[in-house]
Amino acid sequence: MAFFRGRRAEVPKVDLEHLPRHVAIIMDGNGRWAKRRGLPRRAGHAAGAETFRTIATFAKELGLEYLTVYAFSTENWKRPKDEVDAIMRLLEKYLHEAIETMARDKVKMAFFGDLSPLAANLRALCRETEEISKGYDGCQVNICLNYGGRDELVRAAKAFALDCVEGRADPCHLTEDAFGGYLYSAGVPDPDLVIRPSGEIRTSNFLVWQSAYAEFYFTDVLWPDFSKEDLLRALAAYQNRSRRYGGV
Ligand code: FPP
């Protein structure tokens with residue numbers, strides 16, 4: 001790998017010609033990272049936001065087409081207000097910076113989740129970044145914000161039911177593909193690889209429908225410590241898997 005001359009031996013080989021199209025990440029472990037350093041949890045989220053910047057830039061350099069990250073779940077509102085506020089401020093800061101650098105980076109941004117409970121200025125920033133970048137076609141970064149996989153499915157079911165009641169859809173003709181069109185991820189291919197750092201072995205309501213055939217990669221590294229090399233390790237592990245989709 002040309003990317004890591006100094007630590008070449010430690011990083012497994014990744015075939016850049018056969019990367020997964022779509023990688024999704026549960027950015028977990030910020031709180032524990034901060035606790036271990038005697039810092040407030042918000043410091044862990046700030047470090048996590050830096051890691052996100054590094055990994056998103058690297059994903060684009062590698063040539064990944066889609067990167068989806070779990071930034072704030074429908075359940076995360078249960079956290080103390082100062083922690084929620086700190087995460088929202090980090091998102092706001094990131095989106096301001098993204099707007100500044102978009103014309104150069106050409107990264108397309110999208111948001112999965114119900115943005116309606118967010119502060120008006122944050123909502124406006126989300127819409128602005130989506131609007132500015134909608135024509136870009138290099139790498140697409142999807143930020144899951146006030147996102148829950150079950151909530152997404154219920155919303156999709158309601159939207160489909162409404163289309164049926166109002167004559168735009170017929171339940172007898174519903175297919176998996178057509179149902180996928182009602183999800184936040186409409187038009188985005190399913191994730192090939194889902195990465196969860198921090199040692200937790202669960203999926204926590206993330207991309208419930210979309211990850212049905214994803215490969216999962218779990219690592220003990222806490223998200224703020226997750227490096228480019230860790231992403232390469234995950235990609236190498238993915239390339240060693242045999243995806244059969246129920247076949248042989
Ligand atoms: C989970 O770690 C992390 C979150 C709920 C927030 C993630 C947010 C960021 C990385 C910052 C903003 C994002 C962007 C895209 C700029 P945790 O707090 O549950 O960690 P713990 O399990 O160790 O307590």
# chains A, B, ... in the order shown; residues from 1 in each chain; ligands from 1
>>> residues_near_ligand(ligand="ligand 1", cutoff="8 Å", atoms="only C-alpha atoms and all ligand atoms", output="ChimeraX atom specification")
/A:26-34,41,44-53,69-73,76,87-88,90-95,143,198,222-224
>>> write_last_selection(atoms="N, CA and C atoms", output="mmCIF file, in the first residue's frame")
data_model
loop_
_atom_site.group_PDB
_atom_site.id
_atom_site.type_symbol
_atom_site.label_atom_id
_atom_site.label_comp_id
_atom_site.auth_asym_id
_atom_site.auth_seq_id
_atom_site.Cartn_x
_atom_site.Cartn_y
_atom_site.Cartn_z
ATOM 1 N N ILE A 26 -20.654 2.306 12.599
ATOM 2 C CA ILE A 26 -21.267 2.735 13.869
ATOM 3 C C ILE A 26 -20.132 3.364 14.683
ATOM 4 N N MET A 27 -20.150 4.672 14.802
ATOM 5 C CA MET A 27 -19.006 5.380 15.414
ATOM 6 C C MET A 27 -19.122 5.292 16.944
ATOM 7 N N ASP A 28 -18.730 4.149 17.500
ATOM 8 C CA ASP A 28 -18.974 3.908 18.930
ATOM 9 C C ASP A 28 -17.681 3.940 19.744
ATOM 10 N N GLY A 29 -17.810 4.347 21.008
ATOM 11 C CA GLY A 29 -16.677 4.294 21.933
ATOM 12 C C GLY A 29 -16.145 5.652 22.340
ATOM 13 N N ASN A 30 -16.831 6.722 21.890
ATOM 14 C CA ASN A 30 -16.362 8.077 22.217
ATOM 15 C C ASN A 30 -16.365 8.326 23.722
ATOM 16 N N GLY A 31 -17.436 7.874 24.386
ATOM 17 C CA GLY A 31 -17.561 8.112 25.829
ATOM 18 C C GLY A 31 -16.467 7.399 26.604
ATOM 19 N N ARG A 32 -16.221 6.138 26.269
ATOM 20 C CA ARG A 32 -15.176 5.369 26.978
ATOM 21 C C ARG A 32 -13.785 5.950 26.703
ATOM 22 N N TRP A 33 -13.582 6.409 25.486
ATOM 23 C CA TRP A 33 -12.293 7.032 25.133
ATOM 24 C C TRP A 33 -12.043 8.232 26.049
ATOM 25 N N ALA A 34 -13.091 9.044 26.254
ATOM 26 C CA ALA A 34 -12.955 10.236 27.106
ATOM 27 C C ALA A 34 -12.754 9.826 28.567
ATOM 28 N N ARG A 41 -17.432 13.544 28.421
ATOM 29 C CA ARG A 41 -17.851 12.753 27.254
ATOM 30 C C ARG A 41 -17.803 13.590 25.972
ATOM 31 N N GLY A 44 -14.797 13.240 24.037
ATOM 32 C CA GLY A 44 -14.761 12.009 23.238
ATOM 33 C C GLY A 44 -15.473 12.196 21.905
ATOM 34 N N HIS A 45 -16.590 12.911 21.940
ATOM 35 C CA HIS A 45 -17.319 13.152 20.686
ATOM 36 C C HIS A 45 -16.516 14.077 19.760
ATOM 37 N N ALA A 46 -15.846 15.051 20.374
ATOM 38 C CA ALA A 46 -15.012 15.961 19.550
ATOM 39 C C ALA A 46 -13.899 15.159 18.871
ATOM 40 N N ALA A 47 -13.282 14.245 19.632
ATOM 41 C CA ALA A 47 -12.235 13.400 19.038
ATOM 42 C C ALA A 47 -12.848 12.489 17.969
ATOM 43 N N GLY A 48 -14.061 12.013 18.235
ATOM 44 C CA GLY A 48 -14.756 11.154 17.260
ATOM 45 C C GLY A 48 -15.058 11.902 15.971
ATOM 46 N N ALA A 49 -15.394 13.176 16.103
ATOM 47 C CA ALA A 49 -15.678 13.985 14.903
ATOM 48 C C ALA A 49 -14.399 14.143 14.060
ATOM 49 N N GLU A 50 -13.251 14.282 14.740
ATOM 50 C CA GLU A 50 -11.971 14.364 14.007
ATOM 51 C C GLU A 50 -11.708 13.055 13.253
ATOM 52 N N THR A 51 -11.960 11.941 13.956
ATOM 53 C CA THR A 51 -11.768 10.631 13.307
ATOM 54 C C THR A 51 -12.666 10.518 12.079
ATOM 55 N N PHE A 52 -13.902 10.988 12.233
ATOM 56 C CA PHE A 52 -14.824 10.935 11.090
ATOM 57 C C PHE A 52 -14.250 11.693 9.891
ATOM 58 N N ARG A 53 -13.689 12.892 10.156
ATOM 59 C CA ARG A 53 -13.098 13.684 9.061
ATOM 60 C C ARG A 53 -11.995 12.884 8.368
ATOM 61 N N VAL A 69 -22.468 6.859 8.077
ATOM 62 C CA VAL A 69 -22.072 6.830 9.495
ATOM 63 C C VAL A 69 -23.273 7.111 10.393
ATOM 64 N N TYR A 70 -23.236 6.447 11.553
ATOM 65 C CA TYR A 70 -24.308 6.599 12.551
ATOM 66 C C TYR A 70 -23.859 7.701 13.503
ATOM 67 N N ALA A 71 -24.401 8.893 13.326
ATOM 68 C CA ALA A 71 -23.950 10.037 14.143
ATOM 69 C C ALA A 71 -24.856 10.258 15.352
ATOM 70 N N PHE A 72 -26.169 10.012 15.183
ATOM 71 C CA PHE A 72 -27.090 10.265 16.298
ATOM 72 C C PHE A 72 -28.343 9.426 16.080
ATOM 73 N N SER A 73 -28.658 8.581 17.056
ATOM 74 C CA SER A 73 -29.792 7.670 16.869
ATOM 75 C C SER A 73 -31.065 8.266 17.475
ATOM 76 N N ASN A 76 -30.667 8.346 21.104
ATOM 77 C CA ASN A 76 -29.628 9.184 21.737
ATOM 78 C C ASN A 76 -30.178 10.438 22.436
ATOM 79 N N ILE A 87 -22.937 17.205 20.761
ATOM 80 C CA ILE A 87 -22.926 16.460 19.484
ATOM 81 C C ILE A 87 -23.518 17.340 18.372
ATOM 82 N N MET A 88 -24.618 18.035 18.689
ATOM 83 C CA MET A 88 -25.261 18.894 17.678
ATOM 84 C C MET A 88 -24.311 20.017 17.248
ATOM 85 N N LEU A 90 -21.058 19.878 17.248
ATOM 86 C CA LEU A 90 -20.008 19.279 16.400
ATOM 87 C C LEU A 90 -20.517 19.077 14.975
ATOM 88 N N LEU A 91 -21.763 18.639 14.881
ATOM 89 C CA LEU A 91 -22.340 18.441 13.548
ATOM 90 C C LEU A 91 -22.435 19.768 12.805
ATOM 91 N N GLU A 92 -22.872 20.781 13.539
ATOM 92 C CA GLU A 92 -23.008 22.106 12.932
ATOM 93 C C GLU A 92 -21.645 22.596 12.412
ATOM 94 N N LYS A 93 -20.620 22.428 13.269
ATOM 95 C CA LYS A 93 -19.271 22.862 12.891
ATOM 96 C C LYS A 93 -18.818 22.106 11.637
ATOM 97 N N TYR A 94 -19.054 20.795 11.663
ATOM 98 C CA TYR A 94 -18.629 19.983 10.524
ATOM 99 C C TYR A 94 -19.335 20.434 9.237
ATOM 100 N N LEU A 95 -20.624 20.707 9.325
ATOM 101 C CA LEU A 95 -21.373 21.071 8.118
ATOM 102 C C LEU A 95 -20.936 22.437 7.579
ATOM 103 N N ILE A 143 -24.999 10.771 6.463
ATOM 104 C CA ILE A 143 -24.919 10.927 7.915
ATOM 105 C C ILE A 143 -26.277 10.556 8.506
ATOM 106 N N SER A 198 -15.178 -0.423 19.102
ATOM 107 C CA SER A 198 -15.444 -0.290 20.545
ATOM 108 C C SER A 198 -15.743 -1.601 21.261
ATOM 109 N N LEU A 222 -11.515 1.867 20.005
ATOM 110 C CA LEU A 222 -12.567 2.864 20.229
ATOM 111 C C LEU A 222 -12.578 3.844 19.055
ATOM 112 N N TRP A 223 -13.766 4.348 18.712
ATOM 113 C CA TRP A 223 -13.870 5.163 17.491
ATOM 114 C C TRP A 223 -12.848 6.305 17.415
ATOM 115 N N PRO A 224 -12.604 7.074 18.485
ATOM 116 C CA PRO A 224 -11.622 8.170 18.315
ATOM 117 C C PRO A 224 -10.224 7.662 17.957
#
>>> select_by_dssp(residues="region 100-204 of chain A", states="helix (DSSP H, G or I)", output="PyMOL selection string")
chain A and resi 100-105+120-133+149-165+171-173+176-180
>>> closest_atom_pairs(of="region 111-175 of chain A", to="region 199-220 of chain A", cutoff="7 Å", atoms="only C-alpha atoms", output="tab-separated table")
residue	atom	partner	partner_atom	distance
A:Gly148	CA	A:Asn205	CA	5.6
A:Gly149	CA	A:Asn205	CA	4.9
A:Arg150	CA	A:Asn205	CA	6.6
>>> select_by_dssp(residues="region 18-148 of chain A", states="strand (DSSP E)", output="ChimeraX atom specification")
/A:22-26,66-73,107-112,139-147
>>> closest_residue(among="A:Val141, A:Ile195, A:Met102, A:Leu183", to="Phe160 (chain A)", atoms="only C-alpha atoms")
A:Leu183
>>> closest_residue(among="A:Ala159, A:Ala110, A:Val165, A:Leu62", to="Gly187 (chain A)", atoms="only C-alpha atoms")
A:Ala110
>>> atom_distance(atom1="CA of Ala24 (chain A)", atom2="CA of Asp192 (chain A)")
8.0 Å
